[in-house]
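Q: Before we start, here is the structure in question, set down as structure tokens.
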Amino acid sequence: APYIASWVQNREIESEKAQLTKLFEEYMDRCITYTGRNLTKICPLPKINQAMSTCYILHGLLGNGEAFAQHQKQLGSEDGPKLLEHIFIYACIWGCAGSLAADKTGDHKELFSRWFRTEFTKLPFPEDGTIFEYKVNEEQNCWQHWSEKILPYVPVHAAVFGNIYVTTMETQRLTAILDLVVPNRRAVCFVGGAGTGKT
């Protein structure tokens with residue numbers, strides 16, 4: 001896709017460009033095709049939006065690439081590319097399938113998760129839960145369950161009931177996406193039913 005090629009070309013680190021090109025070729029088209037043909041999204045989403053969302057998330061995770069390139073060098077020739085692939089997979093999952101519906105017609109995120117696990121086995125996810133329940137642990141270069149990142153609820157006795165906020169795995173995931181794209185001046189639209197953590 002021209003958008004992806006242009007985005008990769010504008011990256012600053014040459015070795016990263018080569019790795020990203022290969023990863024986009026390996027994962028992106030298959031994920032976009034599968035979600036488009038077999039699954040239902042919460043709202044209509046053109047292929048270009050899936051590609052753009054993936055690139056925005058990648059930019060949020062990699063920055064301009066310099067600090068990440070240094071981190072890759074420290075990890076070595078085997079673990080450095082593996083970390084980039086973990087990060088790419090995370091961005092691809094959320095960019096291509098973050099908008100999938102989970103309602104009375106079916107849990108399309110669960111269906112995507114099952115398909116992804118069988119389609120891409122190089123960096124397997126743990127068996128528990130769906131692939132959406134994991135993030136990249138950059139220090140250990142592995143998948144980490146979001147539940148390990150949830151802060152415990154500390155009650156504030158003087159708080160107005162409507163202002164009470166309890167962190168859940170879903171709100172942690174959505175906040176993480178926001179924190180990746182908003183600082184780079186990218187718009188975000190969360191769509192979903194009541195009580196799904198949009199606010």
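Naming works like this for the structure tokens: A, B, ... for the chains as they're shown, residue 1 at the start of each chain, ligands 1 onward in shown order.
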I'd like a table as a Markdown table: residues in segment 48-139 of chain A with an atom no more than 9 Å from segment 174-183 of chain A, each row giving the shortest atom pair and its distance in Å to one decimal, only C-alpha atoms counted, sorted by chain and rising residue number.

A:
```
| residue | atom | partner | partner_atom | distance |
| --- | --- | --- | --- | --- |
| A:Ser53 | CA | A:Val181 | CA | 8.9 |
| A:Tyr56 | CA | A:Val181 | CA | 6.1 |
| A:Ile57 | CA | A:Leu180 | CA | 6.0 |
| A:Leu58 | CA | A:Leu180 | CA | 8.4 |
| A:His59 | CA | A:Leu180 | CA | 7.8 |
| A:Gly60 | CA | A:Leu180 | CA | 4.3 |
| A:Leu61 | CA | A:Leu180 | CA | 6.5 |
| A:Trp94 | CA | A:Ile177 | CA | 8.6 |
```

Q: Please provide as a ChimeraX atom specification all residues within 9 Å of segment 3-14 of chain A, with the sequence filter that same-chain residues fewer than 2 positions apart are discarded (counting only C-alpha atoms).

A: /A:1,16-21,24,48,51-52,55,64-66,69

Q: Those residues with C-alpha atoms, as a CSV table (one decimal), in the first residue's frame please?

A:
```csv
chain,number,residue,atom,x,y,z
A,1,ALA,CA,0.0,0.0,0.0
A,16,GLU,CA,14.5,-0.2,11.0
A,17,LYS,CA,13.0,0.5,7.5
A,18,ALA,CA,14.1,-2.8,6.2
A,19,GLN,CA,12.7,-4.7,9.2
A,20,LEU,CA,9.4,-2.8,9.1
A,21,THR,CA,9.0,-3.4,5.3
A,24,PHE,CA,4.3,-5.2,7.0
A,48,ILE,CA,-6.5,2.8,4.8
A,51,ALA,CA,-3.0,0.9,8.0
A,52,MET,CA,-2.9,4.4,9.4
A,55,CYS,CA,1.5,3.3,11.7
A,64,ASN,CA,11.8,8.7,15.8
A,65,GLY,CA,13.6,5.4,16.0
A,66,GLU,CA,16.9,6.5,17.5
A,69,ALA,CA,17.7,1.5,17.6
```

Q: Using only C-alpha atoms, pick whichever of A:Asn141, A:Leu151, A:Lys41, A:Asp103 has the shortest atom-to-atom distance to Gln72 of chain A.

A: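 Answer, going by the shortest atom-to-atom distance: A:Asn141.
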
Q: Between atom CA of Gly129 of chain A and atom CA of Ile93 of chain A, measure the distance and give it in Å to one decimal.

A: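 For atom CA of Gly129 of chain A relative to atom CA of Ile93 of chain A, the distance reads 14.7 Å.
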
Q: Can you tell me how far atom CA of Ser147 of chain A sits from atom CA of Thr171 of chain A, in Å to one decimal?

A: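 Distance between the two atoms: 11.0 Å.
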